[in-house]
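Here is the structure we will look at, set down as structure tokens.
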Amino acid sequence: MSRQVFYRNFDSKYSLHWWWPMHVHRFYLAEVGRSLDWLTGYERHIELLSMEKDFFRIATGYTATMPCVNSVMPGFRRLVLMETLRDYRGMEIDQEMRFIIDNWVKTETEVLTDWYRNGSTPAPAEAARLLVELIPPRLHDAMRVE
């Protein structure tokens with residue numbers, strides 16, 4: 001990839017590590033509440049991310065002083081959750097649900113980033129189980145897939 005092509009697609013080398021999670025996101029996390037349950041979505045998402053875990057450990061180390069909330073991922077994740085609730089679940093999103101989503105996205109992003117940054121990511125099934133334990137009940141229930 002030439003330098004010009006790289007900078008046409010990325011702001012800097014520090015934004016590169018967000019591309020793969022955002023790309024992978026559409027396969028599994030975006031399907032949570034649509035066609036997948038939380039546990040399955042997280043497990044499959046983390047399995048894909050784990051294919052490049054050494055890259056993420058190094059890349060997230062470069063951004064150790066940058067809060068994850070300043071990255072593109074939380075905003076992207078928030079939009080997908082809101083779209084799922086509104087368009088797939090027919091839910092009216094009130095102020096409280098917006099608050100829940102905003103804070104869940106921060107938590108989810110920080111946990112995943114910390115795991116990769118520290119090289120301490122649990123196995124996908126265990127990581128998925130731990131994340132599901134943290135989901136606020138109202139959000140969890142609103143996106144339940146039977």
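Following the order of the structure tokens, first chain is A, next is B, and so on, with residues numbered from 1 inside each chain and ligands from 1 in the order they appear.
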Contact residues around Pro124 in chain A with only C-alpha atoms at 8 Å, ignoring same-chain residues under 3 positions, as a PyMOL selection string: chain A and resi 42-44+46-47+50+127-128
With all heavy atoms kept, could you save the residues just selected as a PDB file, in the first residue's frame?
```pdb
ATOM      1  N   TYR A  42     -20.590 -11.687  20.910  1.00  0.00           N
ATOM      2  CA  TYR A  42     -19.304 -11.351  21.526  1.00  0.00           C
ATOM      3  C   TYR A  42     -18.267 -12.443  21.281  1.00  0.00           C
ATOM      4  O   TYR A  42     -17.115 -12.161  20.963  1.00  0.00           O
ATOM      5  CB  TYR A  42     -19.447 -11.125  23.029  1.00  0.00           C
ATOM      6  CG  TYR A  42     -19.898  -9.745  23.398  1.00  0.00           C
ATOM      7  CD1 TYR A  42     -20.930  -9.556  24.296  1.00  0.00           C
ATOM      8  CD2 TYR A  42     -19.281  -8.617  22.871  1.00  0.00           C
ATOM      9  CE1 TYR A  42     -21.349  -8.287  24.651  1.00  0.00           C
ATOM     10  CE2 TYR A  42     -19.681  -7.349  23.216  1.00  0.00           C
ATOM     11  CZ  TYR A  42     -20.727  -7.192  24.102  1.00  0.00           C
ATOM     12  OH  TYR A  42     -21.136  -5.930  24.457  1.00  0.00           O
ATOM     13  N   GLU A  43     -18.666 -13.689  21.460  1.00  0.00           N
ATOM     14  CA  GLU A  43     -17.706 -14.777  21.299  1.00  0.00           C
ATOM     15  C   GLU A  43     -17.129 -14.796  19.879  1.00  0.00           C
ATOM     16  O   GLU A  43     -15.918 -14.868  19.688  1.00  0.00           O
ATOM     17  CB  GLU A  43     -18.340 -16.119  21.633  1.00  0.00           C
ATOM     18  CG  GLU A  43     -17.339 -17.246  21.627  1.00  0.00           C
ATOM     19  CD  GLU A  43     -17.895 -18.558  22.159  1.00  0.00           C
ATOM     20  OE1 GLU A  43     -19.049 -18.590  22.634  1.00  0.00           O
ATOM     21  OE2 GLU A  43     -17.159 -19.552  22.071  1.00  0.00           O
ATOM     22  N   ARG A  44     -17.979 -14.694  18.890  1.00  0.00           N
ATOM     23  CA  ARG A  44     -17.502 -14.703  17.500  1.00  0.00           C
ATOM     24  C   ARG A  44     -16.668 -13.456  17.186  1.00  0.00           C
ATOM     25  O   ARG A  44     -15.675 -13.539  16.469  1.00  0.00           O
ATOM     26  CB  ARG A  44     -18.681 -14.836  16.549  1.00  0.00           C
ATOM     27  CG  ARG A  44     -19.302 -16.218  16.631  1.00  0.00           C
ATOM     28  CD  ARG A  44     -20.446 -16.369  15.687  1.00  0.00           C
ATOM     29  NE  ARG A  44     -21.045 -17.682  15.818  1.00  0.00           N
ATOM     30  CZ  ARG A  44     -22.188 -18.017  15.253  1.00  0.00           C
ATOM     31  NH1 ARG A  44     -22.850 -17.143  14.508  1.00  0.00           N
ATOM     32  NH2 ARG A  44     -22.675 -19.226  15.402  1.00  0.00           N
ATOM     33  N   ILE A  46     -14.844 -11.687  19.297  1.00  0.00           N
ATOM     34  CA  ILE A  46     -13.558 -11.808  19.968  1.00  0.00           C
ATOM     35  C   ILE A  46     -12.685 -12.872  19.298  1.00  0.00           C
ATOM     36  O   ILE A  46     -11.463 -12.714  19.217  1.00  0.00           O
ATOM     37  CB  ILE A  46     -13.752 -12.066  21.478  1.00  0.00           C
ATOM     38  CG1 ILE A  46     -14.375 -10.804  22.115  1.00  0.00           C
ATOM     39  CG2 ILE A  46     -12.440 -12.429  22.162  1.00  0.00           C
ATOM     40  CD1 ILE A  46     -14.923 -11.011  23.497  1.00  0.00           C
ATOM     41  N   GLU A  47     -13.300 -13.930  18.790  1.00  0.00           N
ATOM     42  CA  GLU A  47     -12.531 -14.926  18.034  1.00  0.00           C
ATOM     43  C   GLU A  47     -11.838 -14.276  16.835  1.00  0.00           C
ATOM     44  O   GLU A  47     -10.662 -14.523  16.575  1.00  0.00           O
ATOM     45  CB  GLU A  47     -13.432 -16.058  17.545  1.00  0.00           C
ATOM     46  CG  GLU A  47     -13.828 -17.035  18.605  1.00  0.00           C
ATOM     47  CD  GLU A  47     -14.890 -18.023  18.153  1.00  0.00           C
ATOM     48  OE1 GLU A  47     -15.410 -17.911  17.012  1.00  0.00           O
ATOM     49  OE2 GLU A  47     -15.206 -18.931  18.941  1.00  0.00           O
ATOM     50  N   SER A  50      -9.098 -11.935  17.979  1.00  0.00           N
ATOM     51  CA  SER A  50      -7.970 -12.686  18.520  1.00  0.00           C
ATOM     52  C   SER A  50      -7.019 -13.181  17.439  1.00  0.00           C
ATOM     53  O   SER A  50      -5.856 -13.485  17.729  1.00  0.00           O
ATOM     54  CB  SER A  50      -8.466 -13.864  19.358  1.00  0.00           C
ATOM     55  OG  SER A  50      -9.138 -13.379  20.487  1.00  0.00           O
ATOM     56  N   ALA A 127     -14.277 -14.474  27.666  1.00  0.00           N
ATOM     57  CA  ALA A 127     -14.377 -13.026  27.468  1.00  0.00           C
ATOM     58  C   ALA A 127     -15.819 -12.626  27.173  1.00  0.00           C
ATOM     59  O   ALA A 127     -16.327 -11.644  27.721  1.00  0.00           O
ATOM     60  CB  ALA A 127     -13.459 -12.588  26.323  1.00  0.00           C
ATOM     61  N   ALA A 128     -16.487 -13.404  26.319  1.00  0.00           N
ATOM     62  CA  ALA A 128     -17.888 -13.126  25.986  1.00  0.00           C
ATOM     63  C   ALA A 128     -18.763 -13.220  27.232  1.00  0.00           C
ATOM     64  O   ALA A 128     -19.600 -12.360  27.484  1.00  0.00           O
ATOM     65  CB  ALA A 128     -18.376 -14.089  24.909  1.00  0.00           C
TER      66      ALA A 128
END
```
Residue with smallest distance to Phe76 in chain A - pool A:Trp19, A:Glu96, A:Ser120, A:Leu36, counting only C-alpha atoms: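 That would be A:Trp19, the residue with the smallest distance to Phe76 in chain A.
Counting only C-alpha atoms, Leu81 in chain A has the following residues at most 10 Å away, ignoring those fewer than 3 positions along the same chain: A:Leu29, A:Ala30, A:Glu31, A:Val32, A:Gly33, A:Phe76, A:Arg77, A:Arg78, A:Thr84, A:Leu85, A:Arg86, A:Asp87, A:Arg98, A:Ile101, A:Asp102, A:Val105, A:Leu139, A:Met143.
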Would you work out the distance separating CA of Val24 in chain A from CA of Leu48 in chain A, expressed in Å to one decimal?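 CA of Leu48 in chain A lies at a distance of 6.9 Å from CA of Val24 in chain A.
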Which of chain A fall in helix (DSSP H, G or I), as a VMD selection string: chain A and resid 3 to 9 13 to 25 29 to 31 38 to 50 53 to 62 68 to 70 72 to 88 95 to 118 124 to 134 137 to 142
Find the distance between CA of Phe99 in chain A and CA of Glu83 in chain A and write it in Å to one decimal.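 One can read the CA of Phe99 in chain A to CA of Glu83 in chain A distance as 15.2 Å.
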For a quick check of understanding, using only C-alpha atoms, which of A:Met22, A:Phe6, A:Asp11, A:Arg34 has the smallest distance to Gly90 in chain A?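 The shortest atom-to-atom distance to Gly90 in chain A comes from A:Arg34.
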Which is closer to Leu130 in chain A than all the others in A:Leu39, A:Val145, A:Ile93, A:Val5, using only C-alpha atoms?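 Using only C-alpha atoms, the shortest distance to Leu130 in chain A belongs to A:Leu39.
When CA of Ser35 in chain A is paired with CA of Met97 in chain A, their separation reads 21.1 Å.
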